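> Just one file: start04.csv, with CSV, C-alpha atoms.
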chain,number,residue,atom,x,y,z
Q,772,PRO,CA,52.6,39.4,-51.7
Q,773,TYR,CA,54.3,42.6,-52.7
Q,774,ARG,CA,57.9,43.3,-53.8
Q,775,LEU,CA,59.4,46.7,-53.0
Q,776,ASN,CA,61.7,48.0,-55.7
Q,777,TYR,CA,63.9,51.1,-54.9
Q,778,PRO,CA,63.0,53.8,-54.9
Q,779,PHE,CA,59.7,53.3,-53.1
Q,780,SER,CA,57.3,55.6,-51.2
Q,781,VAL,CA,56.0,55.4,-47.7
Q,782,SER,CA,52.5,54.5,-48.9
Q,783,GLU,CA,54.0,51.5,-50.8
Q,784,VAL,CA,55.7,50.3,-47.6
Q,785,GLU,CA,52.5,50.7,-45.7
Q,786,LEU,CA,50.6,48.7,-48.4
Q,787,ALA,CA,53.2,45.9,-48.2
Q,788,ILE,CA,53.1,45.7,-44.4
Q,789,ASN,CA,49.3,45.7,-44.3
Q,790,ALA,CA,49.2,42.9,-46.9
Q,791,ALA,CA,51.8,40.8,-44.9
Q,792,VAL,CA,49.8,41.3,-41.7
Q,793,LYS,CA,46.6,40.3,-43.4
Q,794,LEU,CA,48.2,37.2,-44.9
Q,795,GLN,CA,49.7,36.2,-41.6
Q,796,GLY,CA,46.2,36.4,-40.0
Q,797,GLU,CA,44.6,34.3,-42.7
Q,798,ASN,CA,47.3,31.6,-42.3
Q,799,ARG,CA,46.8,31.5,-38.6
Q,800,TYR,CA,43.0,31.2,-39.0
Q,801,MET,CA,43.5,28.4,-41.6
Q,802,GLN,CA,45.7,26.5,-39.2
Q,803,GLU,CA,43.3,26.9,-36.3
Q,804,SER,CA,40.3,25.9,-38.4
Q,805,THR,CA,41.9,22.8,-39.7
Q,806,LYS,CA,42.8,21.5,-36.2
Q,807,PRO,CA,39.3,20.2,-35.4
Q,808,GLN,CA,39.1,18.7,-38.9
Q,809,ASN,CA,42.3,16.8,-38.3
Q,810,GLN,CA,41.2,15.7,-34.9
Q,811,GLU,CA,37.9,14.5,-36.3
Q,812,LYS,CA,39.8,12.6,-39.1
Q,813,ARG,CA,42.1,11.0,-36.5
Q,814,PHE,CA,39.1,10.0,-34.4
Q,815,HIS,CA,37.3,8.5,-37.4
Q,816,SER,CA,40.4,6.7,-38.4
Q,817,TRP,CA,40.9,5.2,-34.9
Q,818,ILE,CA,37.2,4.1,-34.7
Q,819,SER,CA,37.4,2.6,-38.2
Q,820,GLU,CA,40.3,0.5,-37.2
Q,821,ASN,CA,39.3,-0.4,-33.6
Q,822,TYR,CA,35.5,-0.5,-33.5
Q,823,VAL,CA,35.4,-4.3,-33.1
Q,824,TRP,CA,37.8,-4.1,-30.2
Q,825,VAL,CA,35.7,-1.3,-28.6
Q,826,ILE,CA,32.5,-3.4,-28.9
Q,827,THR,CA,34.3,-6.5,-27.7
Q,828,VAL,CA,35.8,-4.8,-24.6
Q,829,PHE,CA,32.5,-3.2,-23.7
Q,830,LEU,CA,30.7,-6.6,-24.0
Q,831,SER,CA,33.5,-8.3,-22.0
Q,832,LEU,CA,33.1,-5.7,-19.2
Q,833,TYR,CA,29.3,-6.1,-19.2
Q,834,LEU,CA,29.6,-9.9,-19.1
Q,835,GLY,CA,32.4,-9.9,-16.5
Q,836,LEU,CA,30.5,-7.6,-14.1
Q,837,SER,CA,27.7,-10.2,-13.9
Q,838,PHE,CA,30.2,-12.6,-12.5
Q,839,LEU,CA,31.5,-10.1,-10.0
Q,840,ALA,CA,28.1,-9.8,-8.3
Q,841,PRO,CA,27.9,-13.3,-6.8
Q,842,LEU,CA,31.6,-13.1,-5.8
Q,843,LEU,CA,30.9,-10.0,-3.8
Q,844,GLU,CA,27.7,-11.4,-2.3
Q,845,SER,CA,29.5,-14.7,-1.3
Q,846,ARG,CA,32.1,-12.6,0.6
Q,847,GLY,CA,29.6,-10.5,2.4
Q,848,TYR,CA,29.8,-7.4,0.4
Q,849,SER,CA,26.1,-7.1,-0.2
Q,850,ASN,CA,26.2,-3.3,-0.4
Q,851,PHE,CA,28.3,-3.6,-3.5
Q,852,ALA,CA,26.7,-6.7,-5.0
Q,853,LYS,CA,23.0,-5.7,-4.7
Q,854,PRO,CA,23.4,-2.5,-6.9
Q,855,ILE,CA,25.0,-4.7,-9.6
Q,856,TYR,CA,22.1,-7.2,-9.4
Q,857,GLY,CA,19.7,-4.2,-9.5
Q,858,PHE,CA,21.2,-2.8,-12.6
Q,859,TYR,CA,21.2,-6.1,-14.5
Q,860,ARG,CA,17.6,-6.7,-13.3
Q,861,LEU,CA,16.6,-3.9,-15.7
Q,862,LEU,CA,17.9,-5.9,-18.6
Q,863,CYS,CA,17.4,-9.6,-17.5
Q,864,HIS,CA,14.7,-11.5,-15.8
Q,865,GLN,CA,17.2,-13.1,-13.4
Q,866,LEU,CA,15.0,-16.0,-12.5
Q,867,ALA,CA,17.0,-18.2,-10.2
Q,868,TYR,CA,16.0,-21.5,-11.9
Q,869,ARG,CA,17.3,-20.1,-15.2
Q,870,SER,CA,20.6,-18.8,-13.9
Q,871,TYR,CA,24.0,-20.3,-13.1
Q,872,PHE,CA,25.3,-20.3,-9.5
Q,873,ILE,CA,28.8,-19.9,-8.2
Q,874,GLY,CA,30.3,-21.6,-5.1
Q,875,GLY,CA,27.4,-23.9,-4.3
Q,876,GLU,CA,26.6,-27.6,-4.5
Q,877,GLN,CA,25.4,-27.3,-8.1
Q,878,SER,CA,26.0,-24.8,-10.9
Q,879,TYR,CA,22.3,-24.6,-11.6
Q,880,TYR,CA,19.0,-25.5,-10.0
Q,881,PRO,CA,16.4,-26.1,-12.7
Q,882,ARG,CA,12.7,-26.5,-12.2
Q,883,THR,CA,11.2,-29.9,-11.6
Q,884,LEU,CA,9.3,-29.3,-14.8
Q,885,ALA,CA,12.6,-29.5,-16.8
Q,886,ASN,CA,12.8,-33.3,-15.9
Q,887,LEU,CA,16.6,-33.3,-15.5
Q,888,ASP,CA,18.4,-36.0,-13.7
Q,889,ILE,CA,19.8,-33.7,-11.0
Q,890,GLN,CA,20.0,-33.9,-7.2
Q,891,LEU,CA,18.5,-30.6,-6.3
Q,892,THR,CA,15.8,-28.9,-8.2
Q,893,TYR,CA,14.8,-25.3,-7.6
Q,894,GLU,CA,11.7,-26.3,-5.6
Q,895,THR,CA,13.6,-28.7,-3.3
Q,896,ALA,CA,16.5,-26.3,-2.9
Q,897,THR,CA,14.4,-23.2,-2.0
Q,898,GLY,CA,11.1,-24.7,-0.8
Q,899,VAL,CA,9.3,-22.2,-3.0
Q,900,ASP,CA,7.0,-22.8,-6.0
Q,901,ALA,CA,8.5,-21.8,-9.3
Q,902,THR,CA,5.4,-19.8,-10.2
Q,903,ASP,CA,6.4,-17.2,-7.6
Q,904,LEU,CA,8.3,-15.1,-10.1
Q,905,ILE,CA,9.0,-12.2,-7.7
Q,906,PHE,CA,10.8,-14.5,-5.3
Q,907,ALA,CA,12.7,-16.3,-8.1
Q,908,ARG,CA,13.9,-12.9,-9.5
Q,909,ASN,CA,15.0,-11.6,-6.1
Q,910,TYR,CA,16.5,-14.8,-4.8
Q,911,LEU,CA,20.3,-14.4,-4.8
Q,912,GLY,CA,21.4,-17.7,-3.2
Q,913,SER,CA,23.0,-19.0,0.0
Q,914,GLU,CA,26.2,-20.4,1.3
Q,915,ARG,CA,24.9,-23.9,0.6
Q,916,LEU,CA,23.5,-23.3,-2.9
Q,917,GLY,CA,26.0,-20.6,-4.0
Q,918,TYR,CA,25.0,-17.3,-5.5
Q,919,LYS,CA,23.6,-16.7,-8.9
Q,920,LEU,CA,25.1,-14.7,-11.7
Q,921,ALA,CA,23.5,-11.3,-12.5
Q,922,LEU,CA,22.6,-12.6,-16.0
Q,923,CYS,CA,20.6,-15.6,-16.9
Q,924,GLN,CA,21.9,-18.7,-18.7
Q,925,ARG,CA,20.7,-17.6,-22.1
Q,926,ASP,CA,22.2,-14.0,-21.8
Q,927,ILE,CA,25.5,-15.5,-20.7
Q,928,ALA,CA,25.6,-17.5,-23.9
Q,929,ILE,CA,24.5,-14.5,-26.0
Q,930,TYR,CA,27.1,-12.1,-24.9
Q,931,GLY,CA,29.8,-14.7,-24.6
Q,932,SER,CA,29.2,-15.8,-28.2
Q,933,MET,CA,29.2,-12.2,-29.4
Q,934,ILE,CA,32.6,-11.7,-27.8
Q,935,ILE,CA,34.1,-14.8,-29.3
Q,936,PHE,CA,32.7,-14.0,-32.8
Q,937,GLY,CA,34.1,-10.4,-32.5
Q,938,LEU,CA,37.6,-11.8,-31.8
Q,939,ILE,CA,37.3,-14.2,-34.8
Q,940,PHE,CA,36.1,-11.5,-37.1
Q,941,GLN,CA,39.0,-9.2,-36.1
Q,942,VAL,CA,41.8,-11.8,-36.4
Q,943,THR,CA,40.5,-13.0,-39.7
Q,944,GLY,CA,40.9,-9.5,-41.2
Q,945,ARG,CA,37.3,-8.5,-41.1
Q,946,LYS,CA,36.7,-10.0,-44.5
Q,947,MET,CA,33.5,-12.0,-43.8
Q,948,LYS,CA,30.4,-11.2,-45.8
Q,949,SER,CA,27.2,-10.3,-43.9
Q,950,LEU,CA,24.9,-13.2,-43.0
Q,951,PRO,CA,21.7,-12.9,-45.1
Q,952,TRP,CA,18.8,-11.6,-43.1
Q,953,TYR,CA,16.7,-14.7,-43.7
Q,954,LEU,CA,19.4,-16.9,-42.2
Q,955,LEU,CA,19.5,-14.6,-39.2
Q,956,VAL,CA,15.8,-15.1,-38.8
Q,957,ILE,CA,15.9,-18.9,-39.3
Q,958,PHE,CA,19.0,-19.7,-37.2
Q,959,GLY,CA,19.3,-16.7,-34.9
Q,960,LEU,CA,15.8,-15.6,-34.0
Q,961,GLY,CA,13.8,-18.8,-34.7
Q,962,PRO,CA,15.4,-21.2,-32.1
Q,963,ILE,CA,15.6,-18.6,-29.3
Q,964,ALA,CA,12.0,-17.5,-29.9
Q,965,MET,CA,10.6,-21.1,-30.0
Q,966,ASP,CA,12.5,-22.1,-26.9
Q,967,GLY,CA,11.6,-19.0,-24.9
Q,968,LEU,CA,8.0,-18.5,-25.9
Q,969,SER,CA,7.2,-22.2,-25.4
Q,970,GLN,CA,8.0,-21.8,-21.7
Q,971,LEU,CA,5.3,-19.3,-21.1
Q,972,PRO,CA,2.5,-21.8,-20.3
Q,973,GLY,CA,4.6,-23.2,-17.6
Q,974,LEU,CA,4.9,-19.9,-15.7
Q,975,ALA,CA,1.2,-19.3,-15.0
Q,976,THR,CA,-2.2,-20.9,-15.2
Q,977,GLY,CA,-5.1,-20.0,-17.5
Q,978,TRP,CA,-3.4,-21.1,-20.7
Q,979,PRO,CA,-5.3,-23.3,-23.2
Q,980,SER,CA,-5.1,-27.0,-22.3
Q,981,TRP,CA,-3.6,-27.9,-25.7
Q,982,LEU,CA,-0.5,-25.8,-24.9
Q,983,PRO,CA,1.8,-28.1,-23.0
Q,984,ALA,CA,3.7,-26.7,-20.0
Q,985,ARG,CA,7.4,-27.1,-20.5
Q,986,GLU,CA,10.7,-25.8,-19.1
Q,987,SER,CA,13.9,-25.5,-21.1
Q,988,THR,CA,17.3,-26.7,-20.0
Q,989,PRO,CA,20.5,-24.9,-19.4
Q,990,LEU,CA,22.0,-26.7,-22.5
Q,991,LEU,CA,19.1,-25.6,-24.8
Q,992,ARG,CA,19.2,-22.0,-23.4
Q,993,SER,CA,23.0,-21.9,-24.0
Q,994,ILE,CA,22.7,-23.3,-27.6
Q,995,THR,CA,19.9,-21.0,-28.6
Q,996,GLY,CA,21.6,-18.0,-27.0
Q,997,ALA,CA,24.9,-18.7,-28.7
Q,998,LEU,CA,23.1,-19.1,-32.1
Q,999,PHE,CA,21.4,-15.7,-31.6
Q,1000,GLY,CA,24.7,-14.0,-30.6
Q,1001,VAL,CA,26.8,-15.4,-33.4
Q,1002,CYS,CA,24.1,-14.8,-36.1
Q,1003,THR,CA,23.5,-11.3,-34.9
Q,1004,MET,CA,27.1,-10.2,-35.0
Q,1005,TRP,CA,27.7,-12.1,-38.2
Q,1006,PHE,CA,24.9,-10.0,-39.7
Q,1007,LEU,CA,26.0,-6.7,-38.2
Q,1008,TYR,CA,29.9,-6.6,-38.2
Q,1009,PRO,CA,30.3,-6.9,-42.0
Q,1010,LEU,CA,27.7,-4.2,-42.5
Q,1011,MET,CA,29.6,-2.0,-40.0
Q,1012,GLU,CA,32.9,-2.7,-41.8
Q,1013,GLU,CA,31.4,-1.7,-45.1
Q,1014,SER,CA,30.1,1.6,-43.5
Q,1015,MET,CA,33.5,2.3,-42.0
Q,1016,THR,CA,35.2,1.8,-45.4
Q,1017,ILE,CA,32.8,4.2,-47.0
Q,1018,ASN,CA,33.5,6.8,-44.3
Q,1019,LYS,CA,37.2,6.4,-44.8
Q,1020,LYS,CA,36.9,7.2,-48.5
Q,1021,ARG,CA,34.5,10.1,-47.8
Q,1022,ILE,CA,36.9,11.9,-45.5
Q,1023,ASN,CA,40.0,10.8,-47.4
Q,1024,ILE,CA,41.6,8.6,-44.8
Q,1025,PRO,CA,44.2,6.2,-46.3
Q,1026,LEU,CA,42.7,2.7,-46.4
Render the structure in this file as structure tokens.


Amino acid sequence: PYRLNYPFSVSEVELAINAAVKLQGENRYMQESTKPQNQEKRFHSWISENYVWVITVFLSLYLGLSFLAPLLESRGYSNFAKPIYGFYRLLCHQLAYRSYFIGGEQSYYPRTLANLDIQLTYETATGVDATDLIFARNYLGSERLGYKLALCQRDIAIYGSMIIFGLIFQVTGRKMKSLPWYLLVIFGLGPIAMDGLSQLPGLATGWPSWLPARESTPLLRSITGALFGVCTMWFLYPLMEESMTINKKRINIPL
């Protein structure tokens, strides 16, 4: 910052050196202080471009692990399978007659109340009444019947449809507009609520006689679950994309 012109004094040399040392320290401080900012920008930039993939991979791992549990159980690795079942039991009812099975005579064993033309119902297959919810939750299967997935039929459809919609949203350039909230309620929440809640009278006694006991089917659970998953992500992903775009502009990341 200072230019020395001959002749110069010792004090002028000292002043120039001190100014140069101070400037060098300030430059080093600026470089170090901007490193976290640059790292934060890079992180925000990466998330903005890959958030759909992050969510899709997470959901895929979550869904895939539910298939791993019955495979481990069928091969005798109960010590590894049961913790997986236990974890998913916190998030899913795991009722055996509302779950898919792998490696058995049938892929599902519905209640007799479902009135499906199927060889083995849950009651005939297990010899236990369907109102015993604790047994139905804890029952994993057998060599003959196969072993149930750690997620129920409806949850499989929900997470599977979320994964598929995420892939579609990504490959189409993330240009979709958000689904209106009332369509989310009508087509996403409405069917799954009606199908799920209408089964409650069939799980226990004491309900009013005018409420019919019914049991849904794997097909209905899959359809209503898929509708809920698609509508939910159709509502959320475009909103997230809009938020990511705003963040890019705020921190001056090139769009």

> Which residues are near segment 998-1011 of chain Q? Cut-off 6 Å, only C-alpha atoms, ignore same chain within fewer than 6 positions. Put them as a ChimeraX atom specification.

/Q:929,932-933,948-950,955,959

> Considering all atoms listed in the file, state which residue in the set Q:Arg945, Q:Gln970, Q:Val899, Q:Pro962 is at the smallest distance from Ser819 of chain Q.

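Using all atoms listed in the file, Ser819 of chain Q sits closest to Q:Arg945.
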
> Which distance in Å separates atom CA of Ser816 of chain Q and atom CA of Ser1014 of chain Q, to one decimal?

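Rounded to one decimal, the two atoms are 12.6 Å apart.
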
> Give me the residues within 8 Å of Lys853 of chain Q as a PyMOL selection string, counting only C-alpha atoms and dropping any in the same chain fewer than 4 places off.

chain Q and resi 840+844+849+857

> Grab the atom CA of Leu842 of chain Q to atom CA of Tyr868 of chain Q distance for me, in Å with one decimal place.

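Atom CA of Tyr868 of chain Q lies at a distance of 18.7 Å from atom CA of Leu842 of chain Q.
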
> Which value, in Å to one decimal, gives the distance between atom CA of Thr883 of chain Q and atom CA of Ile994 of chain Q?

20.8 Å

> Let me make sure I understand: among Q:Ser837, Q:Asn809, Q:Asn850, Q:Gln890, which one has the smallest atom-to-atom distance to Ile873 of chain Q if we use all atoms listed in the file?

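Nearest candidate to Ile873 of chain Q out of Q:Ser837, Q:Asn809, Q:Asn850, Q:Gln890: Q:Ser837.
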
> Env of Cys863 of chain Q: 9 Å cut, atoms = all atoms listed in the file, seq-sep filter 6 positions within chain, self excluded. Answer as number ranges by chain.

Q: 921-923, 926

> Closest to Asn1018 of chain Q among Q:Val942, Q:Ile818, Q:Ala867, Q:Ile855, using all atoms listed in the file?

Q:Ile818

> Kindly indicate which residue among Q:Ser993, Q:Asn798, Q:Ser987, Q:Asn776 lies nearest to Asn886 of chain Q, using only C-alpha atoms for the distances.

Q:Ser987

> Would you mind telling me which residue in Q:Ser780, Q:Thr902, Q:Ser913, Q:Gln865 lies nearest to Glu986 of chain Q when using all atoms listed in the file?

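So, comparing all the options, the nearest one is Q:Thr902.
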
> Could you tell me which of Q:Gln877, Q:Arg985, Q:Val792, Q:His815 comes closest to Thr1016 of chain Q if we count only C-alpha atoms?

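Using only C-alpha atoms, Thr1016 of chain Q sits closest to Q:His815.
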
> Using all atoms listed in the file, which residues sit within 9 Å of Leu911 of chain Q once same-chain residues fewer than 4 positions away are excluded, as a list in words?

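Once the nearby chain positions are removed, what remains is Pro841, Glu844, Tyr856, Ala867, Ala907, Gly917, Tyr918, Lys919, Leu920 and Ala921 of chain Q.
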